[in-house]
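Trainee: Data: input-v2.cif, mmCIF, C-alpha atoms and all ligand atoms.
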```
data_start
#
loop_
_atom_site.group_PDB
_atom_site.id
_atom_site.type_symbol
_atom_site.label_atom_id
_atom_site.label_comp_id
_atom_site.auth_asym_id
_atom_site.auth_seq_id
_atom_site.Cartn_x
_atom_site.Cartn_y
_atom_site.Cartn_z
ATOM 1 C CA MET A 1 -29.503 -29.431 59.872
ATOM 2 C CA SER A 2 -26.906 -29.290 57.176
ATOM 3 C CA LEU A 3 -28.391 -29.420 53.711
ATOM 4 C CA SER A 4 -25.383 -28.139 51.838
ATOM 5 C CA ASP A 5 -23.041 -25.236 52.072
ATOM 6 C CA ARG A 6 -23.285 -24.548 48.354
ATOM 7 C CA ILE A 7 -26.987 -24.245 47.508
ATOM 8 C CA LEU A 8 -27.804 -21.070 45.579
ATOM 9 C CA LEU A 9 -30.499 -22.386 43.309
ATOM 10 C CA VAL A 10 -33.222 -25.057 43.453
ATOM 11 C CA VAL A 11 -34.917 -26.337 40.287
ATOM 12 C CA ASP A 12 -38.624 -27.278 40.416
ATOM 13 C CA ASP A 13 -40.917 -29.375 38.183
ATOM 14 C CA VAL A 14 -38.169 -31.886 37.516
ATOM 15 C CA GLY A 15 -39.470 -34.945 35.671
ATOM 16 C CA MET A 16 -42.449 -33.318 33.968
ATOM 17 C CA PRO A 17 -42.551 -34.386 30.316
ATOM 18 C CA THR A 18 -43.621 -30.976 28.966
ATOM 19 C CA VAL A 19 -43.546 -27.350 30.032
ATOM 20 C CA TYR A 20 -47.077 -27.417 31.475
ATOM 21 C CA ALA A 21 -48.084 -29.617 34.397
ATOM 22 C CA ASP A 22 -51.066 -31.008 32.450
ATOM 23 C CA GLY A 23 -48.778 -32.601 29.870
ATOM 24 C CA THR A 24 -49.308 -29.956 27.181
ATOM 25 C CA GLY A 25 -46.768 -27.633 25.591
ATOM 26 C CA ALA A 26 -43.250 -28.262 24.323
ATOM 27 C CA PRO A 27 -41.387 -31.322 25.586
ATOM 28 C CA ILE A 28 -38.603 -30.672 28.090
ATOM 29 C CA PRO A 29 -35.443 -32.173 26.589
ATOM 30 C CA LEU A 30 -33.071 -34.374 28.557
ATOM 31 C CA ALA A 31 -30.427 -31.797 27.660
ATOM 32 C CA ALA A 32 -32.087 -29.424 30.160
ATOM 33 C CA TYR A 33 -31.035 -31.791 32.968
ATOM 34 C CA GLU A 34 -27.557 -32.136 31.527
ATOM 35 C CA ARG A 35 -27.203 -28.341 31.551
ATOM 36 C CA VAL A 36 -28.149 -28.142 35.222
ATOM 37 C CA LEU A 37 -25.649 -30.889 36.005
ATOM 38 C CA ARG A 38 -22.891 -29.160 34.036
ATOM 39 C CA LEU A 39 -23.494 -25.901 35.904
ATOM 40 C CA ALA A 40 -23.436 -27.683 39.267
ATOM 41 C CA GLU A 41 -20.234 -29.547 38.441
ATOM 42 C CA SER A 42 -18.358 -26.630 36.970
ATOM 43 C CA ARG A 43 -19.098 -24.423 39.997
ATOM 44 C CA ASP A 44 -18.932 -27.043 42.727
ATOM 45 C CA LEU A 45 -22.588 -26.420 43.574
ATOM 46 C CA THR A 46 -25.400 -28.578 44.864
ATOM 47 C CA ILE A 47 -28.562 -27.861 42.857
ATOM 48 C CA PRO A 48 -31.517 -29.661 44.474
ATOM 49 C CA MET A 49 -34.176 -30.954 42.099
ATOM 50 C CA GLY A 50 -37.837 -30.607 43.123
ATOM 51 C CA VAL A 51 -39.603 -33.670 41.723
ATOM 52 C CA PRO A 52 -43.399 -34.121 41.532
ATOM 53 C CA ALA A 53 -43.169 -37.888 41.897
ATOM 54 C CA ALA A 54 -45.967 -39.277 39.714
ATOM 55 C CA TYR A 55 -44.525 -38.027 36.395
ATOM 56 C CA LEU A 56 -41.567 -40.368 36.826
ATOM 57 C CA SER A 57 -43.609 -43.348 38.013
ATOM 58 C CA PRO A 58 -44.511 -45.954 35.369
ATOM 59 C CA GLU A 59 -47.918 -45.996 37.080
ATOM 60 C CA GLY A 60 -48.250 -42.223 37.164
ATOM 61 C CA GLU A 61 -51.494 -42.179 35.156
ATOM 62 C CA ARG A 62 -53.238 -43.519 38.241
ATOM 63 C CA PHE A 63 -52.446 -40.200 39.877
ATOM 64 C CA GLY A 64 -53.791 -38.050 37.064
ATOM 65 C CA VAL A 65 -50.595 -37.035 35.274
ATOM 66 C CA VAL A 66 -49.123 -37.596 31.832
ATOM 67 C CA VAL A 67 -46.220 -39.934 32.519
ATOM 68 C CA ASN A 68 -42.797 -38.909 31.243
ATOM 69 C CA ALA A 69 -41.934 -41.360 28.460
ATOM 70 C CA ARG A 70 -38.242 -40.609 29.057
ATOM 71 C CA GLY A 71 -38.637 -40.905 32.805
ATOM 72 C CA ALA A 72 -36.166 -43.789 33.075
ATOM 73 C CA GLU A 73 -33.438 -41.594 31.596
ATOM 74 C CA VAL A 74 -34.271 -38.735 33.947
ATOM 75 C CA VAL A 75 -34.249 -41.121 36.911
ATOM 76 C CA ALA A 76 -30.883 -42.575 35.845
ATOM 77 C CA LEU A 77 -29.370 -39.104 35.571
ATOM 78 C CA LEU A 78 -30.682 -38.104 38.997
ATOM 79 C CA ARG A 79 -29.581 -41.385 40.552
ATOM 80 C CA ASP A 80 -26.079 -41.152 39.106
ATOM 81 C CA ASN A 81 -25.672 -37.582 40.324
ATOM 82 C CA SER A 82 -27.444 -37.632 43.655
ATOM 83 C CA ARG A 83 -24.739 -35.607 45.372
ATOM 84 C CA ARG A 84 -24.811 -32.744 42.870
ATOM 85 C CA LEU A 85 -28.540 -32.944 42.142
ATOM 86 C CA PRO A 86 -30.282 -34.269 45.265
ATOM 87 C CA VAL A 87 -34.003 -34.927 44.937
ATOM 88 C CA TRP A 88 -36.451 -32.862 46.973
ATOM 89 C CA ASN A 89 -40.162 -33.676 47.205
ATOM 90 C CA HIS A 90 -42.376 -31.471 45.001
ATOM 91 C CA GLY A 91 -45.624 -33.313 45.702
ATOM 92 C CA LEU A 92 -47.312 -36.166 43.923
ATOM 93 C CA ASN A 93 -49.074 -34.723 40.888
ATOM 94 C CA HIS A 94 -48.642 -30.929 41.209
ATOM 95 C CA ARG A 95 -52.087 -29.921 39.974
ATOM 96 C CA PHE A 96 -54.532 -31.766 42.107
ATOM 97 C CA LEU A 97 -56.576 -28.743 43.230
ATOM 98 C CA THR A 98 -55.967 -26.140 40.551
ATOM 99 C CA TRP A 99 -53.958 -25.819 37.382
ATOM 100 C CA ARG A 100 -50.880 -25.392 39.505
ATOM 101 C CA THR A 101 -51.475 -26.290 43.144
ATOM 102 C CA GLU A 102 -51.880 -29.571 44.949
ATOM 103 C CA PHE A 103 -52.355 -28.601 48.601
ATOM 104 C CA LEU A 104 -54.128 -25.226 48.521
ATOM 105 C CA ASP A 105 -56.357 -23.326 46.121
ATOM 106 C CA TYR A 106 -55.479 -19.646 46.457
ATOM 107 C CA ALA A 107 -58.708 -18.412 44.937
ATOM 108 C CA THR A 108 -60.974 -20.213 47.433
ATOM 109 C CA GLY A 109 -58.587 -20.891 50.319
ATOM 110 C CA ARG A 110 -59.678 -24.531 50.068
ATOM 111 C CA ALA A 111 -57.301 -27.357 50.922
ATOM 112 C CA PRO A 112 -57.841 -31.109 50.520
ATOM 113 C CA ALA A 113 -58.886 -33.089 53.610
ATOM 114 C CA ALA A 114 -55.966 -33.970 55.869
ATOM 115 C CA ASP A 115 -56.064 -37.691 55.019
ATOM 116 C CA GLU A 116 -55.923 -36.869 51.320
ATOM 117 C CA GLN A 117 -52.950 -34.577 51.871
ATOM 118 C CA GLU A 118 -51.188 -37.277 53.859
ATOM 119 C CA ARG A 119 -51.874 -39.806 51.101
ATOM 120 C CA HIS A 120 -50.230 -37.539 48.511
ATOM 121 C CA LEU A 121 -47.235 -36.885 50.731
ATOM 122 C CA ARG A 122 -46.795 -40.556 51.610
ATOM 123 C CA LEU A 123 -47.238 -41.796 48.029
ATOM 124 C CA SER A 124 -44.776 -39.251 46.651
ATOM 125 C CA GLN A 125 -42.129 -40.302 49.180
ATOM 126 C CA GLU A 126 -42.768 -43.986 48.391
ATOM 127 C CA ILE A 127 -42.577 -43.498 44.614
ATOM 128 C CA LEU A 128 -39.289 -41.595 44.862
ATOM 129 C CA ALA A 129 -37.819 -44.294 47.143
ATOM 130 C CA GLU A 130 -38.960 -47.077 44.780
ATOM 131 C CA LEU A 131 -37.315 -45.283 41.864
ATOM 132 C CA GLY A 132 -34.041 -45.356 43.793
ATOM 133 C CA LEU A 133 -34.087 -41.595 44.400
ATOM 134 C CA GLY A 134 -34.035 -41.881 48.187
ATOM 135 C CA ARG A 135 -36.498 -40.402 50.653
ATOM 136 C CA PRO A 136 -36.240 -36.620 50.407
ATOM 137 C CA ARG A 137 -35.942 -34.528 53.543
ATOM 138 C CA VAL A 138 -37.168 -31.294 51.963
ATOM 139 C CA PHE A 139 -40.657 -30.479 50.705
ATOM 140 C CA ILE A 140 -41.459 -27.876 48.030
ATOM 141 C CA PRO A 141 -45.245 -27.340 47.963
ATOM 142 C CA PRO A 142 -46.424 -27.177 44.323
ATOM 143 C CA GLY A 143 -47.329 -23.574 43.484
ATOM 144 C CA HIS A 144 -46.075 -22.705 47.004
ATOM 145 C CA GLY A 145 -49.549 -23.474 48.329
ATOM 146 C CA TRP A 146 -49.900 -25.385 51.591
ATOM 147 C CA GLN A 147 -52.127 -25.445 54.646
ATOM 148 C CA PRO A 148 -50.216 -24.241 57.713
ATOM 149 C CA ASP A 149 -50.307 -26.620 60.679
ATOM 150 C CA THR A 150 -51.743 -29.369 58.476
ATOM 151 C CA THR A 151 -49.613 -29.928 55.377
ATOM 152 C CA ASP A 152 -46.377 -29.309 57.276
ATOM 153 C CA ARG A 153 -47.413 -31.474 60.251
ATOM 154 C CA LEU A 154 -48.308 -34.342 57.889
ATOM 155 C CA ALA A 155 -45.120 -33.854 55.900
ATOM 156 C CA ARG A 156 -43.167 -34.385 59.084
ATOM 157 C CA ARG A 157 -44.967 -37.702 59.589
ATOM 158 C CA VAL A 158 -43.636 -39.031 56.294
ATOM 159 C CA GLY A 159 -40.053 -38.099 57.064
ATOM 160 C CA LEU A 160 -39.793 -34.603 55.603
ATOM 161 C CA GLU A 161 -37.803 -32.191 57.757
ATOM 162 C CA ALA A 162 -37.894 -28.865 55.928
ATOM 163 C CA ILE A 163 -40.272 -26.864 53.766
ATOM 164 C CA CYS A 164 -39.445 -24.341 51.040
ATOM 165 C CA LEU A 165 -41.675 -21.336 51.248
ATOM 166 C CA ARG A 166 -42.271 -17.917 49.832
ATOM 167 C CA ALA A 167 -42.995 -14.907 52.014
ATOM 168 C CA TRP A 168 -45.921 -14.071 49.762
ATOM 169 C CA GLU A 169 -47.829 -15.471 46.822
ATOM 170 C CA LYS A 170 -49.629 -13.172 44.424
ATOM 171 C CA THR A 171 -51.475 -13.097 41.171
ATOM 172 C CA PRO A 172 -49.042 -12.186 38.397
ATOM 173 C CA VAL A 173 -49.713 -8.580 37.320
ATOM 174 C CA ALA A 174 -50.774 -9.643 33.806
ATOM 175 C CA HIS A 175 -53.385 -12.091 35.175
ATOM 176 C CA TRP A 176 -54.525 -9.535 37.709
ATOM 177 C CA LEU A 177 -55.199 -6.966 34.989
ATOM 178 C CA ARG A 178 -56.988 -9.516 32.804
ATOM 179 C CA ARG A 179 -59.193 -10.921 35.547
ATOM 180 C CA PRO A 180 -59.246 -8.548 38.539
ATOM 181 C CA SER A 181 -61.948 -10.639 40.243
ATOM 182 C CA ARG A 182 -59.552 -13.573 40.493
ATOM 183 C CA ARG A 183 -56.936 -11.590 42.376
ATOM 184 C CA TYR A 184 -55.241 -13.184 45.320
ATOM 185 C CA TRP A 185 -52.485 -12.126 47.630
ATOM 186 C CA ARG A 186 -51.267 -14.214 50.489
ATOM 187 C CA ARG A 187 -48.558 -13.734 53.059
ATOM 188 C CA TRP A 188 -47.026 -16.845 54.582
ATOM 189 C CA GLU A 189 -45.590 -17.517 58.014
ATOM 190 C CA LEU A 190 -42.747 -19.849 58.845
ATOM 191 C CA SER A 191 -43.703 -23.461 59.568
ATOM 192 C CA ARG A 192 -44.082 -24.524 63.193
ATOM 193 C CA HIS A 193 -43.400 -28.170 62.326
ATOM 194 C CA LEU A 194 -40.585 -28.129 59.798
ATOM 195 C CA ALA A 195 -37.426 -26.128 59.239
ATOM 196 C CA SER A 196 -38.335 -23.245 56.942
ATOM 197 C CA LEU A 197 -36.278 -22.554 53.838
ATOM 198 C CA PRO A 198 -37.456 -19.201 52.445
ATOM 199 C CA ARG A 199 -36.950 -18.822 48.726
ATOM 200 C CA LEU A 200 -37.047 -16.068 46.151
ATOM 201 C CA GLY A 201 -37.894 -16.256 42.469
ATOM 202 C CA LEU A 202 -35.938 -14.952 39.520
ATOM 203 C CA GLY A 203 -38.913 -13.501 37.664
ATOM 204 C CA LEU A 204 -38.953 -16.355 35.169
ATOM 205 C CA PRO A 205 -42.371 -17.936 34.541
ATOM 206 C CA ALA A 206 -42.313 -21.730 34.983
ATOM 207 C CA ALA A 207 -43.175 -22.411 31.345
ATOM 208 C CA GLN A 208 -40.560 -20.064 29.913
ATOM 209 C CA THR A 209 -38.086 -21.956 27.742
ATOM 210 C CA ALA A 210 -36.212 -19.176 25.887
ATOM 211 C CA ILE A 211 -34.485 -16.506 27.921
ATOM 212 C CA GLY A 212 -33.849 -13.243 26.111
ATOM 213 C CA ARG A 213 -32.408 -9.890 27.107
ATOM 214 C CA THR A 214 -35.579 -8.678 28.794
ATOM 215 C CA SER A 215 -35.748 -11.764 31.005
ATOM 216 C CA ALA A 216 -32.095 -11.361 31.875
ATOM 217 C CA LEU A 217 -32.662 -7.755 32.983
ATOM 218 C CA LYS A 218 -35.768 -8.760 34.882
ATOM 219 C CA SER A 219 -33.985 -11.520 36.761
ATOM 220 C CA ARG A 220 -31.246 -9.083 37.819
ATOM 221 C CA LEU A 221 -33.980 -6.876 39.213
ATOM 222 C CA PHE A 222 -35.493 -9.826 41.067
ATOM 223 C CA ILE A 223 -32.147 -10.753 42.602
ATOM 224 C CA HIS A 224 -31.193 -7.287 43.810
ATOM 225 C CA ARG A 225 -34.702 -5.871 44.288
ATOM 226 C CA PRO A 226 -34.065 -2.148 44.568
ATOM 227 C CA ALA A 227 -36.752 -0.433 46.651
ATOM 228 C CA PRO A 228 -38.968 0.899 43.817
ATOM 229 C CA ALA A 229 -39.160 -2.531 42.175
ATOM 230 C CA ARG A 230 -39.653 -4.314 45.455
ATOM 231 C CA TRP A 231 -43.302 -3.394 45.835
ATOM 232 C CA LEU A 232 -44.180 -4.625 42.344
ATOM 233 C CA ILE A 233 -42.318 -7.869 42.918
ATOM 234 C CA GLN A 234 -43.502 -8.691 46.404
ATOM 235 C CA ARG A 235 -46.259 -6.122 47.056
ATOM 236 C CA THR A 236 -44.548 -4.945 50.210
ATOM 237 C CA PHE A 237 -41.466 -2.868 50.846
ATOM 238 C CA SER A 238 -39.879 -5.139 53.365
ATOM 239 C CA HIS A 239 -39.873 -8.565 54.860
ATOM 240 C CA SER A 240 -37.374 -9.940 57.216
ATOM 241 C CA TRP A 241 -36.668 -13.467 56.045
ATOM 242 C CA ARG A 242 -33.221 -14.292 54.960
ATOM 243 C CA PRO A 243 -33.533 -16.274 51.724
ATOM 244 C CA HIS A 244 -32.142 -19.791 51.757
ATOM 245 C CA HIS A 245 -32.069 -20.066 47.959
ATOM 246 C CA PHE A 246 -33.513 -18.806 44.688
ATOM 247 C CA PHE A 247 -35.642 -21.087 42.552
ATOM 248 C CA ALA A 248 -36.249 -21.721 38.868
ATOM 249 C CA HIS A 249 -37.913 -24.476 36.845
ATOM 250 C CA ILE A 250 -36.403 -27.197 34.690
ATOM 251 C CA GLN A 251 -38.330 -25.667 31.767
ATOM 252 C CA ASN A 252 -36.025 -22.622 32.033
ATOM 253 C CA PHE A 253 -33.063 -24.804 30.985
ATOM 254 C CA SER A 254 -34.701 -26.107 27.781
ATOM 255 C CA SER A 255 -32.921 -23.892 25.271
ATOM 256 C CA SER A 256 -29.373 -24.549 24.181
ATOM 257 C CA ARG A 257 -28.824 -20.790 24.310
ATOM 258 C CA CYS A 258 -29.698 -20.432 27.984
ATOM 259 C CA LEU A 259 -26.300 -21.383 29.390
ATOM 260 C CA ALA A 260 -24.829 -17.888 29.124
ATOM 261 C CA PHE A 261 -27.816 -16.557 31.068
ATOM 262 C CA TRP A 262 -27.390 -19.173 33.779
ATOM 263 C CA GLU A 263 -23.656 -18.594 34.061
ATOM 264 C CA ARG A 264 -24.285 -14.885 34.617
ATOM 265 C CA THR A 265 -27.182 -15.526 36.969
ATOM 266 C CA LEU A 266 -25.139 -17.898 39.119
ATOM 267 C CA ASP A 267 -22.403 -15.241 39.274
ATOM 268 C CA GLU A 268 -25.025 -12.794 40.535
ATOM 269 C CA LEU A 269 -26.358 -15.297 43.073
ATOM 270 C CA GLU A 270 -22.859 -16.005 44.367
ATOM 271 C CA GLU A 271 -22.399 -12.266 44.894
ATOM 272 C CA PHE A 272 -25.825 -11.901 46.484
ATOM 273 C CA PHE A 273 -25.196 -14.635 49.052
ATOM 274 C CA ALA A 274 -21.623 -13.537 49.661
ATOM 275 C CA ARG A 275 -23.027 -10.211 50.858
ATOM 276 C CA LEU A 276 -25.559 -11.848 53.186
ATOM 277 C CA PRO A 277 -24.306 -12.569 56.685
ATOM 278 C CA GLY A 278 -23.883 -16.297 57.263
ATOM 279 C CA GLY A 279 -23.378 -17.337 53.628
ATOM 280 C CA PRO A 280 -25.685 -19.625 51.677
ATOM 281 C CA GLY A 281 -27.242 -22.856 52.807
ATOM 282 C CA GLU A 282 -28.371 -22.172 56.341
ATOM 283 C CA PRO A 283 -32.025 -22.720 57.205
ATOM 284 C CA SER A 284 -33.644 -19.451 58.086
ATOM 285 C CA VAL A 285 -35.402 -18.510 61.267
ATOM 286 C CA ALA A 286 -38.039 -15.840 61.785
ATOM 287 C CA GLY A 287 -36.692 -12.337 61.698
ATOM 288 C CA GLY A 288 -33.344 -13.682 60.578
ATOM 289 C CA GLY A 289 -32.130 -10.233 59.685
ATOM 290 C CA GLY A 290 -31.491 -8.327 56.525
ATOM 291 C CA ASP A 291 -34.044 -6.381 54.579
ATOM 292 C CA ARG A 292 -34.167 -8.911 51.806
HETATM 293 ZN ZN ZN B 301 -43.787 -26.648 40.474
#
```
Could you express the structure from this file as structure tokens?

Mentor:
Amino acid sequence: MSLSDRILLVVDDVGMPTVYADGTGAPIPLAAYERVLRLAESRDLTIPMGVPAAYLSPEGERFGVVVNARGAEVVALLRDNSRRLPVWNHGLNHRFLTWRTEFLDYATGRAPAADEQERHLRLSQEILAELGLGRPRVFIPPGHGWQPDTTDRLARRVGLEAICLRAWEKTPVAHWLRRPSRRYWRRWELSRHLASLPRLGLGLPAAQTAIGRTSALKSRLFIHRPAPARWLIQRTFSHSWRPHHFFAHIQNFSSSRCLAFWERTLDELEEFFARLPGGPGEPSVAGGGGDR
């Protein structure tokens, strides 16, 4: 499977009208998309865009989201630049089960019934195809929550071939301290039904629009993960998956001042992947080597 030989970064939540999935918070400007495109073009990169489909559908309200009033412009930009910014499936409505997950609630371990999951997967693929955005081959579970052997098996049925996943999912430290009873920590396995594309974060919260010096330092730490920081970031000292890409959110491109940060971060990511055997863009397999 050849997705691209130049994928360093994938951008999630593409098409949401505002920084929060429930339609609240600051609007995400169209300029955020233009910045991603400019970065991809200037560096000859492919930057896949994870789209929760309903926000861009004129009928999205039926699926419980606040429709993006500028959705047609977002769709046109994605359609005109499908080689640089290919669309990946990021679910139907992103927050079906919790404030951030559609296919698994971390706190309870509950997942929707299989037929409901299949309906969401099928509808999201259909909406994206109707918008002229093609039928994605890659699935990014909203909030990285999915039900192994169910969500991935159903995703395969609707034409998806790969899944983006994290090795772990944890309560952010700040939330953990505020509400220790709501703590969760989950380790994921590779999918048995889809190609697995392990991903790493940059330490930027999804809703973060301005990126200052502290965030820049933090993201460097997240890219290179020296041993002492590794436990805090991933709550374990090692895991053996070779990352396929890093991820961020379209919200993180909102500010006109963020370009310098992204230029530097993409430099760092180029270096990071240059040091990994095999180079960027190859789907990972279990135990793919490297203490990363
Ligand atoms: Zn998301």

Trainee: With distances taken over all atoms listed in the file, which residue among A:His94, A:Val67, A:Pro29, A:Tyr106 lies nearest ligand ZN 301 (chain B)?

Mentor: A:His94

Trainee: Pick out the closest residue to Thr151 of chain A from this set: A:Arg178, A:Arg119, A:Lys170, A:Arg62. Count only C-alpha atoms.

Mentor: A:Arg119

Trainee: Evaluate the PyMOL selection byres (((chain A and resi 198-211) around 6) and not hetatm) and record the selected residues as a ChimeraX atom specification, following the chain and residue labels used in the document.

Mentor: /A:19,164-166,197,212,215,219,222,243-247,249,251-252,254-255

Trainee: Step by step, measure atom-to-atom distances between ligand ZN 301 (chain B) and each residue using only C-alpha atoms and all ligand atoms, keep those at most 10 Å, then write them as an mmCIF file with C-alpha atoms, in the coordinates of the input.

Mentor:
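After the write, part.cif holds the following:
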```cif
data_model
loop_
_atom_site.group_PDB
_atom_site.id
_atom_site.type_symbol
_atom_site.label_atom_id
_atom_site.label_comp_id
_atom_site.auth_asym_id
_atom_site.auth_seq_id
_atom_site.Cartn_x
_atom_site.Cartn_y
_atom_site.Cartn_z
ATOM 1 C CA VAL A 11 -34.917 -26.337 40.287
ATOM 2 C CA ASP A 12 -38.624 -27.278 40.416
ATOM 3 C CA ASP A 13 -40.917 -29.375 38.183
ATOM 4 C CA VAL A 14 -38.169 -31.886 37.516
ATOM 5 C CA MET A 16 -42.449 -33.318 33.968
ATOM 6 C CA TYR A 20 -47.077 -27.417 31.475
ATOM 7 C CA ALA A 21 -48.084 -29.617 34.397
ATOM 8 C CA GLY A 50 -37.837 -30.607 43.123
ATOM 9 C CA VAL A 51 -39.603 -33.670 41.723
ATOM 10 C CA PRO A 52 -43.399 -34.121 41.532
ATOM 11 C CA HIS A 90 -42.376 -31.471 45.001
ATOM 12 C CA GLY A 91 -45.624 -33.313 45.702
ATOM 13 C CA ASN A 93 -49.074 -34.723 40.888
ATOM 14 C CA HIS A 94 -48.642 -30.929 41.209
ATOM 15 C CA ARG A 95 -52.087 -29.921 39.974
ATOM 16 C CA ARG A 100 -50.880 -25.392 39.505
ATOM 17 C CA THR A 101 -51.475 -26.290 43.144
ATOM 18 C CA GLU A 102 -51.880 -29.571 44.949
ATOM 19 C CA ILE A 140 -41.459 -27.876 48.030
ATOM 20 C CA PRO A 141 -45.245 -27.340 47.963
ATOM 21 C CA PRO A 142 -46.424 -27.177 44.323
ATOM 22 C CA GLY A 143 -47.329 -23.574 43.484
ATOM 23 C CA HIS A 144 -46.075 -22.705 47.004
ATOM 24 C CA ALA A 206 -42.313 -21.730 34.983
ATOM 25 C CA ALA A 248 -36.249 -21.721 38.868
ATOM 26 C CA HIS A 249 -37.913 -24.476 36.845
ATOM 27 C CA ILE A 250 -36.403 -27.197 34.690
#
```

Trainee: With the PyMOL selection byres (((chain A and resi 262) around 10) and not hetatm) as the selection, what would be picked from this file? Answer as a PyMOL selection string, please.

Mentor: chain A and resi 35-36+39+211+216+252-253+257-261+263-268

Trainee: To one decimal place, how far is atom CA of Ile233 of chain A from atom CA of Asp105 of chain A in Å?

Mentor: 21.1 Å

Trainee: Using only C-alpha atoms for the distances, tell me which of A:Glu169, A:Asp152, A:Glu130, A:Glu61 is nearest to Arg79 of chain A.

Mentor: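 Between A:Glu169, A:Asp152, A:Glu130, A:Glu61, the residue approaching Arg79 of chain A most closely is A:Glu130.
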
Trainee: At what distance in Å, to one decimal, does atom CA of Val75 of chain A lie from atom CA of Leu133 of chain A?

Mentor: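 Computed distance, atom CA of Leu133 of chain A to atom CA of Val75 of chain A, equals 7.5 Å.
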
Trainee: How many Å separate atom CA of Ala114 of chain A from atom CA of Pro17 of chain A?

Mentor: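 Distance reported for this atom pair: 28.9 Å.
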
Trainee: Run through the PyMOL selection byres (((chain A and resi 77) around 12) and not hetatm) on the given coordinates and return the selected residues as a ChimeraX atom specification.

Mentor: /A:14-15,30-38,49,70-76,78-87,131-133

Trainee: When you look at Leu92 of chain A with a cut-off of 8 Å (counting all atoms listed in the file), what residues show up, excluding the ones that are within fewer than 2 positions of it in the same chain? I need them as a PyMOL selection string.

Mentor: chain A and resi 52-54+63+90+94+120-121+123-124
